[in-house]
Protein chains: 4
Amino acid sequence: MVIICEQGATQATVDAVIERIKAAGLEAYLNPGVERPVIAVLGVVDRDKMGLMEQFIALKGVERVQRISAPYKLPARSYRPEGSTVRVGDVVLGGEEVVVIAGPCSVENREQLLSAARAVKAAGGRMLRGGAFKPRTSPYSFQGLGEEGLKLLAEARELTGLPIVTEILDPDDLPLVAEYADVFQVGARNMSNFRLLQRLGRMQKPVLLKRSPCAKLVEMLQACEYIMCGGNENVMLCERGVVNFDTATRNITDINAVPVLKRWSHLPVVLDPSHSTGDFRCVGPIARAGVAAGADALILEIHPDPANALSDGGQSLTPKRFTRLMGELRGVAAAVGRTMAPESA
Amino acid sequence: MVIICEQGATQATVDAVIERIKAAGLEAYLNPGVERPVIAVLGVVDRDKMGLMEQFIALKGVERVQRISAPYKLPARSYRPEGSTVRVGDVVLGGEEVVVIAGPCSVENREQLLSAARAVKAAGGRMLRGGAFKPRTSPYSFQGLGEEGLKLLAEARELTGLPIVTEILDPDDLPLVAEYADVFQVGARNMSNFRLLQRLGRMQKPVLLKRSPCAKLVEMLQACEYIMCGGNENVMLCERGVVNFDTATRNITDINAVPVLKRWSHLPVVLDPSHSTGDFRCVGPIARAGVAAGADALILEIHPDPANALSDGGQSLTPKRFTRLMGELRGVAAAVGRTMAPESA
Amino acid sequence: MVIICEQGATQATVDAVIERIKAAGLEAYLNPGVERPVIAVLGVVDRDKMGLMEQFIALKGVERVQRISAPYKLPARSYRPEGSTVRVGDVVLGGEEVVVIAGPCSVENREQLLSAARAVKAAGGRMLRGGAFKPRTSPYSFQGLGEEGLKLLAEARELTGLPIVTEILDPDDLPLVAEYADVFQVGARNMSNFRLLQRLGRMQKPVLLKRSPCAKLVEMLQACEYIMCGGNENVMLCERGVVNFDTATRNITDINAVPVLKRWSHLPVVLDPSHSTGDFRCVGPIARAGVAAGADALILEIHPDPANALSDGGQSLTPKRFTRLMGELRGVAAAVGRTMAPESA
Amino acid sequence: MVIICEQGATQATVDAVIERIKAAGLEAYLNPGVERPVIAVLGVVDRDKMGLMEQFIALKGVERVQRISAPYKLPARSYRPEGSTVRVGDVVLGGEEVVVIAGPCSVENREQLLSAARAVKAAGGRMLRGGAFKPRTSPYSFQGLGEEGLKLLAEARELTGLPIVTEILDPDDLPLVAEYADVFQVGARNMSNFRLLQRLGRMQKPVLLKRSPCAKLVEMLQACEYIMCGGNENVMLCERGVVNFDTATRNITDINAVPVLKRWSHLPVVLDPSHSTGDFRCVGPIARAGVAAGADALILEIHPDPANALSDGGQSLTPKRFTRLMGELRGVAAAVGRTMAPESA
């Protein structure tokens with residue numbers, strides 16, 4: 001931490017700041033800056049000292065405080081320099097294989113889900129996504145089938161062997177969802193639902209954590225810390241688009257996040273081009289870009305009949321488009337030294 | 001709704017779109033645009049038709065769909081053209097008076113809270129804010145006193161007569177928090193926690209709904225609809241800063257939101273300059289700006305000793321600064337034809 | 001400047017960084033950070049050393065470089081702690097008076113301009129704005145009357161006594177525009193037209209510098225330095241809205257910029273609510289907010305007949321609305337201890 | 001264009017709007033919306049009618065106006081549905097080949113430039129970039145070598161056969177720069193320097209137009225129209241990062257812009273990962289992503305000694321890193337059905 005004092009701060013003011021730093025069990029080193037006093041704070045800013053930064057800002061004579069260390073520990077690359085993998089059944093995320101997770105936005109009915117699941121399996125997808133509890137902007141939109149949806153997902157898993165990724169909206173649903181899900185998906189709106197994250201931290205099942213459309217990457221990693229500090233280290237980080245001034249696509253894909261997260265963190269990185277573009281015509285190019293940039297997995301929305309989908313029709317691929325895209329992705333994966341599962345007979 | 005077809009869309013394609021519109025119980029009117037076919041969709045897009053827009057986007061030959069009607073009903077100005085007020089004890093929000101809500105970010109201990117509450121009361125503040133359950137970016141930061149904090153708030157209310165505004169983080173806490181709170185605060189991170197909103201919609205106590213830092217105003221009003229459609233119409237809309245590319249202040253205050261929300265909605269509008277600036281040196285000017293722009297209320301953070309605050313020290317006013325600001329605010333309120341409570345002896 | 005090394009940077013790497021700092025004529029102080037080496041760079045980073053930061057980032061073993069000093073000198077508050085004023089005829093900006101500059105977006109014809117000018121004068125406006133050279137998003141839109149427009153502005157000045165603020169688009173127009181203008185306006189699109197800024201720095205006439213909709217405040221002050229380092233210190237800083245993810249208004253008014261610029265800089269601060277909202281219905285509330293937040297001046301668009309304006313009709317006030325607003329602004333100005341010119345007979 | 005009236009607009013008000021539309025030579029069709037009157041405007045909104053939208057917004061009883069047609073003509077895909085190519089010497093942009101343009105940010109001296117140029121050539125780069133006139137945020141930073149830089153670029157071209165891409169800052173420099181450049185680069189700060197664009201529209205040399213970090217894609221295409229309507233259709237559209245709330249990288253790469261621009265426009269699309277990330281460690285992954293997403297060309301900064309570069313050291317690749325990246329790019333290009341030039345002996 002570096003504390004920058006106001007120009008013209010007196011010696012007494014600076015001394016008071018230094019005293020405060022020492023009282024907190026840290027060391028202070030005064031760099032006699034030419035323009036203004038600058039104080040470096042040395043020592044381990046461990047858990048009980050993380051709130052100090054805010055307090056130092058409020059001290060008399062302090063202009064601002066700059067953080068030097070990353071404000072997260074367990075998701076940091078330095079915690080596992082070699083990188084970590086998350087295992088779901090026989091699927092490994094964060095390894096050599098680029099994993100494709102696909103399925104409908106919402107589980108709507110048996111036929112729709114099984115049809116989608118078969119298409120995912122056939123094209124080489126490795127996990128099935130599908131929402132049973134749906135967070136919808138409007139209270140009048142379809143809110144998901146609930147437990148019935150979970151049961152259909154289980155049936156689809158039985159049929160195809162694909163593990164299931166499904167969203168958990170509320171801590172109260174946890175026992176129910178845990179019965180069916182292989183991976184808990186935390187949606188973008190819940191990235192800072194800390195109660196939910198704490199509860200997931202006490203489970204052992206993997207968590208796919210989606211970035212809020214206005215979260216800095218550093219905040220996403222702090223949210224991740226909520227899960228990991230509870231003991232659950234099976235977390236995947238998912239970029240799904242951030243807000244932006246242009247209206248050309250619904251969100252803007254933060255493709256830079258892929259290499260940055262790989263450098264800052266040891267966890268597998270997932271890209272969701274369906275939500276980051278909101279337009280099926282962009283999904284293919286951005287999915288290819290994600291693999292080329294180094295993503296460990298993609299999560300894609302497909303629907304047998306997008307024009308009658310109860311949610312996200314505009315961004316869903318048909319099975320046919322999905323299959324064609326999978327072929328392209330295999331080529332890109334190979335070009336960057338990764339593998340992908342083949343089509344299955 | 002207006003459906004814009006792709007250039008060169010064939011008659012058959014356009015016919016299929018029109019048929020689909022009719023099948024949904026709506027009327028279609030084809031405007032033979034010079035460049036491309038444009039179809040106006042007429043009829044009441046009521047609750048069960050709100051998902052149609054997404055489906056129409058996925059139809060063959062459709063380039064994009066533009067919404068014409070607002071996607072919310074109950075918070076709309078047209079629902080109550082004369083404006084509505086929210087009553088909390090003897091305090092009325094949305095009327096002639098500009099209401100100031102103030103208090104510490106977190107309830108830390110008895111002395112801190114009572115000292116702050118007395119300062120709020122003395123300076124003419126009308127409600128006391130204070131968090132007992134705190135959503136914190138880091139899992140290692142102070143997370144609030146929980147029920148002990150609520151009890152201290154109740155004590156402060158008894159002492160000063162000020163109604164209490166406190167944050168509700170999770171549906172499970174509702175019975176407990178409801179015992180103590182006069183107003184439920186929904187924090188920015190929970191604006192899209194729809195389960196929580198639905199539960200609050202079944203209460204009668206007023207709700208102060210904070211805007212997510214990346215929510216469009218239209219999305220905030222849709223979140224509001226979740227509460228109102230449950231039967232609770234006592235909602236206040238709070239602007240507390242949105243994300244921005246500049247780092248000069250933590251967030252950027254969307255001051256435009258004040259007149260826009262007053263025009264779009266009948267509900268009282270609150271501004272939170274402590275969070276929208278993150279810097280106590282900016283709180284005064286932006287609080288004055290809020291009143292000048294037409295806000296019905298302000299919510300401000302104060303702390304008897306900001307440099308030792310367990311949260312938000314950097315944006316908290318001392319009681320002395322707060323009292324001085326209240327004097328300035330009275331002047332601005334009068335200049336725009338509003339009243340404010342006087343200092344109390 | 002603080003240089004943060006990569007975790008695990010070797011002693012040799014750190015030594016090389018320190019050597020490089022010393023070679024640049026600066027001192028290095030190694031703070032043996034617990035996590036990673038952090039090197040404080042001491043000494044005057046004067047003009048010829050400003051590019052060093054970028055070079056240090058590229059050094060082996062450097063993770064990132066954080067700036068401590070502000071990257072501008074002449075516009076900084078520390079250069080003139082008491083604040084500075086800009087004088088235009090008998091109008092003083094940056095003093096006790098809140099100055100209102102108003103007029104049409106574009107000069108369209110004699111009648112339109114003189115009618116607007118009279119309205120400005122009568123309502124207590126102190127300067128007349130009007131564009132003769134217009135930067136338009138589309139090449140097919142009205143581009144301004146050119147010299148004819150400047151002549152009409154001069155006629156309006158003669159008639160009303162109001163000094164003229166008009167935009168300069170291109171260095172080549174400078175001799176011509178200088179003949180007529182009292183204040184050069186640099187539009188948002190030209191904030192980083194450094195050639196133009198350099199030329200204006202060699203003039204003595206005041207410059208109203210508009211912020212680009214994506215410029216950080218620090219970048220605006222660096223643009224300002226281009227003008228001031230040429231010798232022209234008569235600069236006013238104008239906030240006119242920044243880009244934002246919401247589409248509720250065209251831009252978002254960065255009202256926080258008003259107190260921040262007043263603290264960071266000694267120069268007068270102007271707010272342009274016409275452009276920062278793009279909607280005449282918001283101009284009044286935001287103009288009042290600007291005065292309440294501490295702006296030294298406002299610049300407003302008015303038009304005798306907005307529905308036939310050749311540009312910016314949607315954000316222009318009618319003379320009647322303008323006159324009413326001026327009355328409100330006087331009240332707000334008084335409430336914050338400022339004065340405003342009365343209506344003139 | 002669609003005109004949405006205020007709720008409760010009277011028949012007389014609606015009639016006045018319709019009359020105004022007809023007076024402008026357009027047809028009006030009233031869709032009797034259930035909530036409020038909505039008027040579709042039909043007819044060709046050609047050049048002289050492009051300002052009407054702003055005027056209609058200012059009409060009594062109008063709530064807002066929505067555009068339906070794209071506000072640009074010549075860059076639109078519909079103008080050349082088959083796509084267009086830009087030829088520079090024997091290099092063709094927009095065809096099957098993915099073209100790599102590389103070189104230093106600034107021309108600093110003979111040795112630096114020739115060394116970089118040789119590296120570009122050897123690795124399979126097809127054009128040489130290098131700035132002789134540099135727009136710098138600070139007036140004290142290195143501003144480029146001017147004509148001396150252009151002469152060095154010409155020498156490098158002679159040596160390597162690579163055509164030259166160099167920035168044009170000001171219309172006055174045009175005759176000089178035209179003597180040396182093969183492609184005029186318009187920097188992001190000049191995207192809306194309409195005078196410059198108009199002058200370039202009267203040249204025949206290709207223009208590489210960079211997007212402003214806060215320009216919507218639609219605005220970039222309107223800027224492009226300024227060039228094309230002068231007769232110069234040899235324009236390339238370059239995405240180079242937009243502003244964003246996160247500070248993880250300097251800008252955010254709008255990778256969605258690649259497929260959107262390819263769909264909206266017929267012009268070749270270029271990606272600049274050096275500026276869109278600002279960090280050499282991200283350049284490789286984002287360059288690969290650009291090719292995978294469908295970019296026709298990349299523009300990359302390289303420097304023989306980044307730690308001593310006079311500008312952009314932090315984002316420049318060494319020749320060694322560049323050569324390795326080129327190999328990866330060839331693989332990705334092949335995977336998406338494109339070609340790339342091989343290494344040259």
# chains A, B, ... in the order shown; residues from 1 in each chain; ligands from 1
>>> interface_residues(of="chain A", to="chain C", cutoff="12 Å", atoms="only C-alpha atoms", output="number ranges by chain")
A: 1-8, 26-46, 63-70, 73, 76-79, 81, 213-214, 242-252, 263-264
>>> residues_around(residues="D:Ile101", least_positions_apart="6", cutoff="7 Å", atoms="only C-alpha atoms", output="list in words")
Gly125, Arg126, Met127, Leu128, Arg129, Leu298, Ile299 and Leu300 of chain D
>>> write_last_selection(atoms="N, CA and C atoms", output="PDB file, in the first residue's frame")
ATOM      1  N   GLY D 125       5.460 -10.263 -42.385  1.00  0.00           N
ATOM      2  CA  GLY D 125       4.632  -9.048 -42.360  1.00  0.00           C
ATOM      3  C   GLY D 125       4.533  -8.487 -43.770  1.00  0.00           C
ATOM      4  N   ARG D 126       3.436  -7.779 -44.047  1.00  0.00           N
ATOM      5  CA  ARG D 126       3.198  -7.344 -45.429  1.00  0.00           C
ATOM      6  C   ARG D 126       3.271  -5.838 -45.600  1.00  0.00           C
ATOM      7  N   MET D 127       3.159  -5.101 -44.493  1.00  0.00           N
ATOM      8  CA  MET D 127       3.297  -3.649 -44.582  1.00  0.00           C
ATOM      9  C   MET D 127       4.031  -3.184 -43.328  1.00  0.00           C
ATOM     10  N   LEU D 128       4.643  -2.011 -43.441  1.00  0.00           N
ATOM     11  CA  LEU D 128       5.410  -1.450 -42.329  1.00  0.00           C
ATOM     12  C   LEU D 128       4.671  -0.245 -41.763  1.00  0.00           C
ATOM     13  N   ARG D 129       4.441  -0.273 -40.442  1.00  0.00           N
ATOM     14  CA  ARG D 129       3.851   0.905 -39.813  1.00  0.00           C
ATOM     15  C   ARG D 129       4.944   1.660 -39.070  1.00  0.00           C
ATOM     16  N   LEU D 298      -4.200  -7.356 -39.225  1.00  0.00           N
ATOM     17  CA  LEU D 298      -3.793  -6.945 -37.889  1.00  0.00           C
ATOM     18  C   LEU D 298      -2.756  -5.842 -38.045  1.00  0.00           C
ATOM     19  N   ILE D 299      -2.728  -4.915 -37.097  1.00  0.00           N
ATOM     20  CA  ILE D 299      -1.649  -3.945 -37.057  1.00  0.00           C
ATOM     21  C   ILE D 299      -1.006  -4.050 -35.684  1.00  0.00           C
ATOM     22  N   LEU D 300       0.308  -4.311 -35.675  1.00  0.00           N
ATOM     23  CA  LEU D 300       1.024  -4.658 -34.444  1.00  0.00           C
ATOM     24  C   LEU D 300       2.229  -3.755 -34.242  1.00  0.00           C
TER      25      LEU D 300
END
>>> closest_residue(among="A:Val336, A:Thr323, A:Asp170, A:Phe142", to="A:Leu200", atoms="only C-alpha atoms")
A:Asp170
>>> residues_around(residues="D:Ser274", least_positions_apart="4", cutoff="10 Å", atoms="only C-alpha atoms", output="tab-separated table (two decimals) with C-alpha atoms, in the first residue's frame")
chain	number	residue	atom	x	y	z
D	105	CYS	CA	5.02	3.07	-32.76
D	240	ARG	CA	-8.21	-0.41	-31.49
D	241	GLY	CA	-10.00	-0.66	-28.15
D	253	THR	CA	-10.79	-4.85	-27.19
D	278	GLY	CA	-1.73	-1.72	-24.04
D	279	ASP	CA	0.26	-4.68	-22.73
D	280	PHE	CA	2.63	-6.79	-24.79
D	281	ARG	CA	1.69	-9.85	-22.72
D	282	CYS	CA	-1.86	-9.68	-24.10
D	283	VAL	CA	-1.00	-8.85	-27.70
D	284	GLY	CA	-0.44	-12.43	-28.82
D	286	ILE	CA	-5.75	-11.00	-28.81
D	287	ALA	CA	-4.05	-11.03	-32.20
D	298	LEU	CA	-3.79	-6.95	-37.89
D	299	ILE	CA	-1.65	-3.94	-37.06
D	300	LEU	CA	1.02	-4.66	-34.44
D	301	GLU	CA	3.70	-2.65	-32.69
D	302	ILE	CA	7.17	-4.10	-32.54
D	312	ASP	CA	4.49	2.62	-26.38
D	314	GLY	CA	4.89	-1.41	-22.80
D	315	GLN	CA	2.81	-2.72	-25.66
D	316	SER	CA	5.54	-3.45	-28.21
D	317	LEU	CA	6.66	-6.94	-29.11
>>> residues_around(residues="D:Ala297", least_positions_apart="2", cutoff="6 Å", atoms="only C-alpha atoms", output="NGL selection string")
:D and (98-100 or 270 or 295)
>>> write_last_selection(atoms="C-alpha atoms", output="mmCIF file, in the first residue's frame")
data_model
loop_
_atom_site.group_PDB
_atom_site.id
_atom_site.type_symbol
_atom_site.label_atom_id
_atom_site.label_comp_id
_atom_site.auth_asym_id
_atom_site.auth_seq_id
_atom_site.Cartn_x
_atom_site.Cartn_y
_atom_site.Cartn_z
ATOM 1 C CA VAL D 98 -4.894 -12.152 -43.555
ATOM 2 C CA VAL D 99 -2.477 -9.229 -43.789
ATOM 3 C CA VAL D 100 -0.124 -8.317 -40.951
ATOM 4 C CA VAL D 270 -8.363 -4.404 -39.155
ATOM 5 C CA ALA D 295 -10.388 -9.758 -39.126
#
>>> select_by_dssp(residues="stretch 101-332 of chain D", states="alpha helix (DSSP H)", output="VMD selection string")
chain D and resid 110 to 123 147 to 160 174 to 180 194 to 201 217 to 228 257 to 264 273 to 277 280 to 293 319 to 332
>>> write_last_selection(atoms="C-alpha atoms", output="compact mmCIF listing (two decimals), in the first residue's frame")
# COMPACT_ATOMS: atom_id res chain seq x y z
CA ARG D 110 17.61 4.85 -38.73
CA GLU D 111 18.90 1.82 -36.93
CA GLN D 112 15.74 1.25 -34.92
CA LEU D 113 13.51 1.52 -37.96
CA LEU D 114 15.54 -0.59 -40.35
CA SER D 115 16.00 -3.25 -37.73
CA ALA D 116 12.25 -3.37 -37.14
CA ALA D 117 11.49 -3.32 -40.86
CA ARG D 118 13.78 -6.26 -41.53
CA ALA D 119 12.12 -8.21 -38.73
CA VAL D 120 8.68 -7.48 -40.15
CA LYS D 121 9.73 -8.59 -43.59
CA ALA D 122 11.46 -11.73 -42.40
CA ALA D 123 8.51 -12.90 -40.32
CA GLU D 147 9.84 14.70 -42.30
CA GLU D 148 13.06 13.01 -41.22
CA GLY D 149 10.90 10.13 -40.02
CA LEU D 150 9.09 9.96 -43.33
CA LYS D 151 12.41 9.78 -45.18
CA LEU D 152 13.53 6.91 -43.00
CA LEU D 153 10.26 5.13 -43.72
CA ALA D 154 10.89 5.54 -47.44
CA GLU D 155 14.36 4.10 -47.00
CA ALA D 156 12.91 1.13 -45.12
CA ARG D 157 10.43 0.59 -47.93
CA GLU D 158 13.19 0.61 -50.48
CA LEU D 159 15.13 -1.89 -48.42
CA THR D 160 12.30 -4.31 -47.77
CA LEU D 174 -1.11 16.22 -46.27
CA PRO D 175 1.10 17.21 -49.22
CA LEU D 176 4.22 16.19 -47.31
CA VAL D 177 2.91 12.92 -45.95
CA ALA D 178 1.38 12.03 -49.33
CA GLU D 179 4.86 12.07 -50.84
CA TYR D 180 5.95 9.18 -48.64
CA PHE D 194 -13.97 15.99 -40.34
CA ARG D 195 -11.78 18.47 -42.17
CA LEU D 196 -9.03 15.92 -42.32
CA LEU D 197 -11.46 13.22 -43.45
CA GLN D 198 -12.83 15.45 -46.18
CA ARG D 199 -9.33 16.15 -47.48
CA LEU D 200 -8.52 12.44 -47.48
CA GLY D 201 -11.71 11.84 -49.41
CA LEU D 217 -19.64 1.55 -34.67
CA VAL D 218 -22.37 3.49 -36.38
CA GLU D 219 -20.45 6.72 -35.75
CA MET D 220 -17.30 5.19 -37.13
CA LEU D 221 -19.17 4.31 -40.31
CA GLN D 222 -20.49 7.87 -40.52
CA ALA D 223 -16.91 9.15 -40.22
CA CYS D 224 -16.05 6.75 -43.01
CA GLU D 225 -18.81 8.29 -45.10
CA TYR D 226 -16.98 11.64 -44.88
CA ILE D 227 -14.05 10.06 -46.71
CA MET D 228 -16.04 7.98 -49.17
CA ALA D 257 -16.86 -5.25 -33.57
CA VAL D 258 -15.13 -7.61 -35.98
CA PRO D 259 -18.18 -9.70 -36.98
CA VAL D 260 -20.52 -6.71 -36.67
CA LEU D 261 -18.43 -4.54 -39.00
CA LYS D 262 -18.14 -7.40 -41.48
CA ARG D 263 -21.94 -7.68 -41.50
CA TRP D 264 -22.74 -3.98 -41.58
CA PRO D 273 -4.26 -5.52 -30.38
CA SER D 274 -1.29 -3.40 -29.31
CA HIS D 275 -3.49 -0.40 -28.54
CA SER D 276 -6.58 -2.37 -27.56
CA THR D 277 -4.67 -4.03 -24.72
CA PHE D 280 2.63 -6.79 -24.79
CA ARG D 281 1.69 -9.85 -22.72
CA CYS D 282 -1.86 -9.68 -24.10
CA VAL D 283 -1.00 -8.85 -27.70
CA GLY D 284 -0.44 -12.43 -28.82
CA PRO D 285 -3.70 -13.92 -27.52
CA ILE D 286 -5.75 -11.00 -28.81
CA ALA D 287 -4.05 -11.03 -32.20
CA ARG D 288 -4.94 -14.71 -32.51
CA ALA D 289 -8.50 -13.93 -31.42
CA GLY D 290 -8.78 -11.24 -34.07
CA VAL D 291 -7.85 -13.64 -36.86
CA ALA D 292 -10.20 -16.28 -35.47
CA ALA D 293 -13.05 -13.75 -35.35
CA PRO D 319 11.17 -9.14 -33.04
CA LYS D 320 11.58 -12.56 -31.44
CA ARG D 321 8.12 -12.56 -29.86
CA PHE D 322 6.67 -11.20 -33.10
CA THR D 323 8.17 -13.99 -35.16
CA ARG D 324 6.82 -16.63 -32.83
CA LEU D 325 3.38 -15.01 -32.90
CA MET D 326 3.37 -14.97 -36.71
CA GLY D 327 3.74 -18.72 -36.68
CA GLU D 328 0.74 -19.09 -34.39
CA LEU D 329 -1.30 -16.71 -36.51
CA ARG D 330 -0.65 -18.77 -39.62
CA GLY D 331 -2.17 -21.76 -37.88
CA VAL D 332 -5.26 -19.87 -36.80
>>> atom_distance(atom1="atom CA of A:Pro206", atom2="atom CA of A:Glu167")
12.0 Å
>>> residues_around(residues="stretch 306-308 of chain D", least_positions_apart="6", cutoff="10 Å", atoms="only C-alpha atoms", output="ChimeraX atom specification")
/C:20,51-60 /D:104,280,314-318
>>> select_by_dssp(residues="stretch 9-243 of chain B", states="strand (DSSP E or B)", output="PyMOL selection string")
chain B and resi 27-31+38-42+62-66+76+86-88+91-93+97+99-103+106+127-129+131+164-167+183-186+207-210+235-239+242
>>> residues_around(residues="B:Thr85", least_positions_apart="5", cutoff="7 Å", atoms="only C-alpha atoms", output="list in words")
Val92, Leu93, Gly94, Gly95, Leu267 and Pro268 of chain B
